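Quick look at model-v9.txt (compact mmCIF, C-alpha atoms):
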```txt
# COMPACT_ATOMS: atom_id res chain seq x y z
CA MET A 704 18.95 0.82 -11.66
CA ASN A 705 15.42 1.70 -12.70
CA LYS A 706 13.05 2.24 -9.82
CA GLU A 707 9.63 0.64 -9.89
CA LYS A 708 6.87 3.18 -10.62
CA ILE A 709 3.84 3.80 -8.43
CA ILE A 710 0.87 6.00 -9.32
CA VAL A 711 -0.05 8.28 -6.40
CA SER A 712 -3.14 10.44 -6.01
CA SER A 713 -1.82 13.89 -6.85
CA CYS A 714 -3.47 15.46 -3.78
CA LEU A 715 -1.49 13.13 -1.50
CA LEU A 716 1.72 14.60 -2.92
CA GLY A 717 0.64 18.12 -1.99
CA ASN A 718 -0.89 19.22 -5.28
CA LYS A 719 -4.02 21.35 -4.89
CA VAL A 720 -6.29 19.32 -7.15
CA ARG A 721 -9.12 18.38 -4.80
CA TYR A 722 -12.66 19.61 -5.37
CA ASN A 723 -12.08 22.47 -2.90
CA LYS A 724 -8.70 23.45 -4.42
CA GLU A 725 -6.86 21.91 -1.47
CA SER A 726 -4.34 19.10 -1.13
CA ARG A 727 -4.07 16.25 1.36
CA LEU A 728 -0.29 16.06 1.58
CA GLU A 729 0.83 12.83 3.19
CA LYS A 730 4.49 13.57 3.94
CA GLY A 731 5.33 9.94 4.64
CA ILE A 732 4.58 9.02 1.04
CA LEU A 733 7.46 11.25 -0.03
CA LYS A 734 9.83 8.83 1.72
CA LEU A 735 8.92 6.30 -0.97
CA LYS A 736 10.94 8.35 -3.49
CA LYS A 737 14.04 6.51 -2.28
CA LYS A 738 12.66 3.20 -3.57
CA TYR A 739 10.08 4.12 -6.21
CA THR A 740 9.34 6.65 -8.92
CA LEU A 741 6.13 8.38 -7.84
CA ILE A 742 3.76 9.33 -10.66
CA PRO A 743 1.19 11.94 -9.51
CA MET A 744 -2.27 11.59 -11.07
CA CYS A 745 -5.75 12.85 -10.29
CA PRO A 746 -8.38 10.82 -12.17
CA GLU A 747 -10.99 13.54 -11.65
CA VAL A 748 -8.83 16.21 -13.30
CA ILE A 749 -7.63 13.78 -15.99
CA GLY A 750 -11.29 13.07 -16.70
CA GLY A 751 -11.93 16.74 -17.40
CA LEU A 752 -13.24 18.12 -14.12
CA SER A 753 -12.13 21.58 -13.02
CA ILE A 754 -10.33 22.82 -9.92
CA PRO A 755 -12.25 23.78 -7.88
CA ARG A 756 -15.39 21.75 -8.62
CA ASP A 757 -18.57 20.83 -6.82
CA PRO A 758 -18.21 17.87 -4.46
CA SER A 759 -19.45 14.62 -5.97
CA GLU A 760 -20.56 11.27 -4.57
CA ILE A 761 -21.53 7.91 -5.97
CA VAL A 762 -25.31 7.51 -6.17
CA GLY A 763 -26.22 4.01 -7.33
CA THR A 764 -24.22 3.46 -10.52
CA ARG A 765 -23.71 7.18 -11.26
CA VAL A 766 -21.45 9.90 -9.88
CA LEU A 767 -23.42 13.07 -9.17
CA SER A 768 -22.32 16.49 -8.00
CA ILE A 769 -23.98 18.08 -5.00
CA LYS A 770 -26.00 20.12 -7.54
CA GLY A 771 -27.22 16.95 -9.27
CA LEU A 772 -24.95 17.17 -12.32
CA ASP A 773 -24.05 13.71 -13.68
CA VAL A 774 -20.24 13.55 -13.87
CA THR A 775 -20.00 9.78 -14.32
CA LYS A 776 -18.37 10.04 -17.75
CA GLU A 777 -15.57 12.24 -16.40
CA TYR A 778 -14.91 9.78 -13.57
CA GLU A 779 -14.93 6.85 -16.01
CA LYS A 780 -12.56 8.67 -18.38
CA GLY A 781 -10.10 9.31 -15.54
CA ALA A 782 -10.35 5.71 -14.32
CA ASP A 783 -9.78 4.34 -17.83
CA TYR A 784 -6.72 6.56 -18.27
CA LEU A 785 -5.12 5.39 -15.02
CA VAL A 786 -5.62 1.74 -15.96
CA SER A 787 -4.28 2.32 -19.48
CA TYR A 788 -1.24 4.23 -18.17
CA ALA A 789 -0.51 1.60 -15.53
CA LYS A 790 -0.65 -1.22 -18.07
CA LYS A 791 1.43 0.65 -20.65
CA HIS A 792 4.16 1.40 -18.09
CA ASN A 793 3.98 -1.93 -16.23
CA ILE A 794 2.89 -0.23 -13.00
CA LYS A 795 1.75 -2.77 -10.44
CA ALA A 796 0.66 -0.52 -7.56
CA CYS A 797 -1.04 2.77 -6.74
CA ILE A 798 -1.58 4.84 -3.60
CA LEU A 799 -4.99 6.48 -3.76
CA LYS A 800 -6.94 8.89 -1.54
CA SER A 801 -9.42 7.04 0.63
CA LYS A 802 -13.15 7.81 0.57
CA SER A 803 -13.04 9.61 -2.78
CA PRO A 804 -15.66 8.77 -5.45
CA ALA A 805 -12.70 8.23 -7.79
CA CYS A 806 -10.01 6.82 -5.52
CA GLY A 807 -11.75 5.31 -2.47
CA ARG A 808 -10.68 1.68 -2.05
CA ASP A 809 -12.83 0.34 0.79
CA LYS A 810 -15.33 3.04 1.71
CA VAL A 811 -16.97 5.94 -0.12
CA TYR A 812 -19.50 8.56 0.85
CA ASP A 813 -23.07 7.26 0.58
CA GLY A 814 -24.43 9.74 -1.98
CA THR A 815 -26.42 11.87 0.47
CA PHE A 816 -23.69 14.50 0.97
CA THR A 817 -24.01 14.10 4.74
CA GLY A 818 -20.53 12.68 5.38
CA ARG A 819 -21.83 9.14 5.95
CA LEU A 820 -19.53 6.38 4.67
CA ILE A 821 -20.53 3.03 3.20
CA ASN A 822 -18.57 0.05 1.91
CA GLY A 823 -17.68 0.62 -1.71
CA ARG A 824 -15.03 1.63 -4.20
CA GLY A 825 -14.40 4.74 -6.23
CA LEU A 826 -14.42 4.30 -9.99
CA ALA A 827 -10.65 4.51 -10.49
CA ALA A 828 -9.87 2.26 -7.53
CA LYS A 829 -12.35 -0.35 -8.78
CA ALA A 830 -10.99 -0.24 -12.33
CA LEU A 831 -7.40 -0.59 -11.13
CA ILE A 832 -8.20 -3.46 -8.76
CA ASP A 833 -10.25 -5.21 -11.46
CA SER A 834 -7.19 -4.91 -13.73
CA GLY A 835 -4.97 -6.62 -11.16
CA ILE A 836 -3.20 -3.49 -9.92
CA LYS A 837 -2.58 -3.32 -6.18
CA VAL A 838 -4.25 -0.31 -4.52
CA TYR A 839 -3.05 1.19 -1.25
CA THR A 840 -4.36 4.27 0.54
CA GLU A 841 -2.79 6.95 2.70
CA ASN A 842 -3.71 4.69 5.61
CA ASP A 843 -1.70 1.60 4.64
CA TYR A 844 1.05 2.58 2.17
CA SER A 845 3.70 2.24 4.92
CA ILE A 846 4.05 -1.46 4.09
CA LEU A 847 5.88 -0.25 0.97
CA LEU A 848 8.41 1.60 3.13
CA GLU A 849 9.05 -1.60 5.02
CA GLY A 850 9.56 -3.48 1.76
CA GLU A 851 7.24 -6.27 2.80
CA ASP A 852 4.82 -6.09 -0.12
CA LYS A 853 5.94 -7.29 -3.53
CA PHE A 854 2.70 -6.40 -5.44
CA GLU A 855 2.07 -10.05 -6.31
```
Structure translated into structure tokens:
Amino acid sequence: MNKEKIIVSSCLLGNKVRYNKESRLEKGILKLKKKYTLIPMCPEVIGGLSIPRDPSEIVGTRVLSIKGLDVTKEYEKGADYLVSYAKKHNIKACILKSKSPACGRDKVYDGTFTGRLINGRGLAAKALIDSGIKVYTENDYSILLEGEDKFE
């Protein structure tokens, strides 16, 4: 029996791909391996950004590093790749890292680099949602363990 595939932010699976060369391992997500094939992806790295890299935040319609470098194109490239991959492989759901300028689903940092959150979506999360792909975060993926969500 083929397991359904889910894209997961690579950092949530313990890979050190975050801007500060750290991970955000969410051990509970690993339990999903019994039901799903987990596909680790980091849209920031896929888009061409290095590890480590300067922290970035969404400022208006752009993504800027703390040094003012415009990295929007890299974020867009990563977002486009995730959507393309998901469609090509009939992936209906992702688990993404909350608050990230790429992966944040409900809230992102406000662009002042002060740690303040605002309502908004990271570029990859927005692109996936706009394409009809269900996006979970490390805060609500447990519904998949319970088998209550069918991605429809």
- prompt: Any idea what the distance is between CA of Asn842 (chain A) and CA of Lys800 (chain A)?
  reply: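 Interatomic distance here is 8.9 Å.
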Residue nearest Thr740 (chain A) among A:Asn705, A:Thr817, A:Ser713, A:Ser845 (counting all atoms listed in the file):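 Among A:Asn705, A:Thr817, A:Ser713, A:Ser845, it is A:Asn705 that comes nearest to Thr740 (chain A).
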Quick one: residues within 10 Å of Glu707 (chain A), all atoms listed in the file counted, chain neighbours fewer than 2 positions away excluded, as a PDB file with C-alpha atoms, in the coordinates of the input?
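Generated file (selection.pdb):
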```pdb
ATOM      1  CA  MET A 704      18.950   0.820 -11.660  1.00  0.00           C
ATOM      2  CA  ASN A 705      15.420   1.700 -12.700  1.00  0.00           C
ATOM      3  CA  ILE A 709       3.840   3.800  -8.430  1.00  0.00           C
ATOM      4  CA  LYS A 738      12.660   3.200  -3.570  1.00  0.00           C
ATOM      5  CA  TYR A 739      10.080   4.120  -6.210  1.00  0.00           C
ATOM      6  CA  THR A 740       9.340   6.650  -8.920  1.00  0.00           C
ATOM      7  CA  LEU A 741       6.130   8.380  -7.840  1.00  0.00           C
ATOM      8  CA  HIS A 792       4.160   1.400 -18.090  1.00  0.00           C
ATOM      9  CA  ASN A 793       3.980  -1.930 -16.230  1.00  0.00           C
ATOM     10  CA  ILE A 794       2.890  -0.230 -13.000  1.00  0.00           C
ATOM     11  CA  LYS A 795       1.750  -2.770 -10.440  1.00  0.00           C
ATOM     12  CA  ALA A 796       0.660  -0.520  -7.560  1.00  0.00           C
TER      13      ALA A 796
END
```
query: Which of these, A:Asp843, A:Glu777, A:Glu760, A:Asp783, has the shortest distance to Arg824 (chain A) once you count only C-alpha atoms?
result: A:Glu760
message: Here's a test: counting only C-alpha atoms, identify every protein, DNA and RNA residue with an atom at most 10 Å from (-2.7, -9.1, -10.5) in the file's coordinate frame, and state them as a list in words.
response: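 Those residues, ordered by chain and then number, are Lys795, Ala796, Leu831, Ile832, Asp833, Ser834, Gly835, Ile836, Lys837, Phe854 and Glu855 of chain A.
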- prompt: Suppose you want the space between CA of Ile749 (chain A) and CA of Tyr784 (chain A); what is it in Å?
  reply: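 CA of Ile749 (chain A) sits 7.6 Å away from CA of Tyr784 (chain A).
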task: Excluding Leu799 (chain A) and residues on its chain fewer than 4 positions from it, collect all residues at most 8 Å away from it, counting all atoms listed in the file, and give them as a list in words.
output: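 Returned residues: Val711, Ser712, Leu715, Cys806, Gly807, Arg808, Ala828, Val838, Tyr839, Thr840 and Glu841 of chain A.
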message: Taking all atoms listed in the file into account, name the residue in A:Ile754, A:Lys734, A:Pro804, A:Gly814 that is nearest to Gly771 (chain A).
response: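 Ranking A:Ile754, A:Lys734, A:Pro804, A:Gly814 by distance to Gly771 (chain A), first place goes to A:Gly814.
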- prompt: Which distance in Å separates CA of Gly781 (chain A) and CA of Glu747 (chain A), to one decimal?
  reply: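 CA of Gly781 (chain A) sits 5.8 Å away from CA of Glu747 (chain A).
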Would you tabulate, counting only C-alpha atoms, all residues of region 735-813 of chain A that have an atom at most 12 Å from an atom of region 721-725 of chain A, showing the closest pair of atoms and their distance in Å to one decimal, sorted by chain then ascending number, as CSV?
```
residue,atom,partner,partner_atom,distance
A:Met744,CA,A:Arg721,CA,11.5
A:Cys745,CA,A:Arg721,CA,8.5
A:Pro746,CA,A:Arg721,CA,10.6
A:Glu747,CA,A:Arg721,CA,8.6
A:Val748,CA,A:Arg721,CA,8.8
A:Leu752,CA,A:Tyr722,CA,8.9
A:Ser753,CA,A:Tyr722,CA,7.9
A:Ile754,CA,A:Lys724,CA,5.8
A:Pro755,CA,A:Tyr722,CA,4.9
A:Arg756,CA,A:Tyr722,CA,4.8
A:Asp757,CA,A:Tyr722,CA,6.2
A:Pro758,CA,A:Tyr722,CA,5.9
A:Ser759,CA,A:Tyr722,CA,8.4
A:Glu760,CA,A:Tyr722,CA,11.5
A:Ser768,CA,A:Tyr722,CA,10.5
A:Ile769,CA,A:Tyr722,CA,11.4
A:Lys800,CA,A:Arg721,CA,10.3
A:Ser803,CA,A:Arg721,CA,9.8
A:Pro804,CA,A:Tyr722,CA,11.2
A:Ala805,CA,A:Arg721,CA,11.2
A:Cys806,CA,A:Arg721,CA,11.6
```
Would you save the residues of that selection, restricted to C-alpha atoms, as a tab-separated table (two decimals), in the frame of the given file?
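And here's again36.tsv as it stands now:
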```
chain	number	residue	atom	x	y	z
A	744	MET	CA	-2.27	11.59	-11.07
A	745	CYS	CA	-5.75	12.85	-10.29
A	746	PRO	CA	-8.38	10.82	-12.17
A	747	GLU	CA	-10.99	13.54	-11.65
A	748	VAL	CA	-8.83	16.21	-13.30
A	752	LEU	CA	-13.24	18.12	-14.12
A	753	SER	CA	-12.13	21.58	-13.02
A	754	ILE	CA	-10.33	22.82	-9.92
A	755	PRO	CA	-12.25	23.78	-7.88
A	756	ARG	CA	-15.39	21.75	-8.62
A	757	ASP	CA	-18.57	20.83	-6.82
A	758	PRO	CA	-18.21	17.87	-4.46
A	759	SER	CA	-19.45	14.62	-5.97
A	760	GLU	CA	-20.56	11.27	-4.57
A	768	SER	CA	-22.32	16.49	-8.00
A	769	ILE	CA	-23.98	18.08	-5.00
A	800	LYS	CA	-6.94	8.89	-1.54
A	803	SER	CA	-13.04	9.61	-2.78
A	804	PRO	CA	-15.66	8.77	-5.45
A	805	ALA	CA	-12.70	8.23	-7.79
A	806	CYS	CA	-10.01	6.82	-5.52
```
As a JSON list (two decimals), keeping the file's coordinate frame, please: region 742-757 of chain A completed to N, CA and C atoms.
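What landed in selection-v5.json:
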```json
[["chain", "number", "residue", "atom", "x", "y", "z"],
["A", 742, "ILE", "N", 4.43, 8.70, -9.53],
["A", 742, "ILE", "CA", 3.76, 9.33, -10.66],
["A", 742, "ILE", "C", 2.46, 9.96, -10.15],
["A", 743, "PRO", "N", 2.40, 11.31, -10.01],
["A", 743, "PRO", "CA", 1.19, 11.94, -9.51],
["A", 743, "PRO", "C", 0.08, 11.97, -10.56],
["A", 744, "MET", "N", -1.12, 11.55, -10.17],
["A", 744, "MET", "CA", -2.27, 11.59, -11.07],
["A", 744, "MET", "C", -3.53, 11.85, -10.27],
["A", 745, "CYS", "N", -4.42, 12.64, -10.85],
["A", 745, "CYS", "CA", -5.75, 12.85, -10.29],
["A", 745, "CYS", "C", -6.76, 12.42, -11.34],
["A", 746, "PRO", "N", -7.44, 11.29, -11.14],
["A", 746, "PRO", "CA", -8.38, 10.82, -12.17],
["A", 746, "PRO", "C", -9.52, 11.80, -12.44],
["A", 747, "GLU", "N", -9.90, 12.59, -11.45],
["A", 747, "GLU", "CA", -10.99, 13.54, -11.65],
["A", 747, "GLU", "C", -10.56, 14.65, -12.61],
["A", 748, "VAL", "N", -9.35, 15.17, -12.42],
["A", 748, "VAL", "CA", -8.83, 16.21, -13.30],
["A", 748, "VAL", "C", -8.52, 15.63, -14.68],
["A", 749, "ILE", "N", -7.92, 14.45, -14.71],
["A", 749, "ILE", "CA", -7.63, 13.78, -15.99],
["A", 749, "ILE", "C", -8.92, 13.57, -16.77],
["A", 750, "GLY", "N", -10.00, 13.29, -16.06],
["A", 750, "GLY", "CA", -11.29, 13.07, -16.70],
["A", 750, "GLY", "C", -11.96, 14.33, -17.20],
["A", 751, "GLY", "N", -11.39, 15.49, -16.88],
["A", 751, "GLY", "CA", -11.93, 16.74, -17.40],
["A", 751, "GLY", "C", -12.61, 17.64, -16.40],
["A", 752, "LEU", "N", -12.60, 17.27, -15.13],
["A", 752, "LEU", "CA", -13.24, 18.12, -14.12],
["A", 752, "LEU", "C", -12.31, 19.26, -13.71],
["A", 753, "SER", "N", -12.90, 20.37, -13.33],
["A", 753, "SER", "CA", -12.13, 21.58, -13.02],
["A", 753, "SER", "C", -11.67, 21.59, -11.57],
["A", 754, "ILE", "N", -10.78, 22.53, -11.28],
["A", 754, "ILE", "CA", -10.33, 22.82, -9.92],
["A", 754, "ILE", "C", -10.63, 24.29, -9.69],
["A", 755, "PRO", "N", -11.44, 24.66, -8.73],
["A", 755, "PRO", "CA", -12.25, 23.78, -7.88],
["A", 755, "PRO", "C", -13.45, 23.23, -8.66],
["A", 756, "ARG", "N", -14.19, 22.34, -8.02],
["A", 756, "ARG", "CA", -15.39, 21.75, -8.62],
["A", 756, "ARG", "C", -16.35, 21.42, -7.49],
["A", 757, "ASP", "N", -17.60, 21.21, -7.84],
["A", 757, "ASP", "CA", -18.57, 20.83, -6.82],
["A", 757, "ASP", "C", -18.23, 19.44, -6.29]]
```
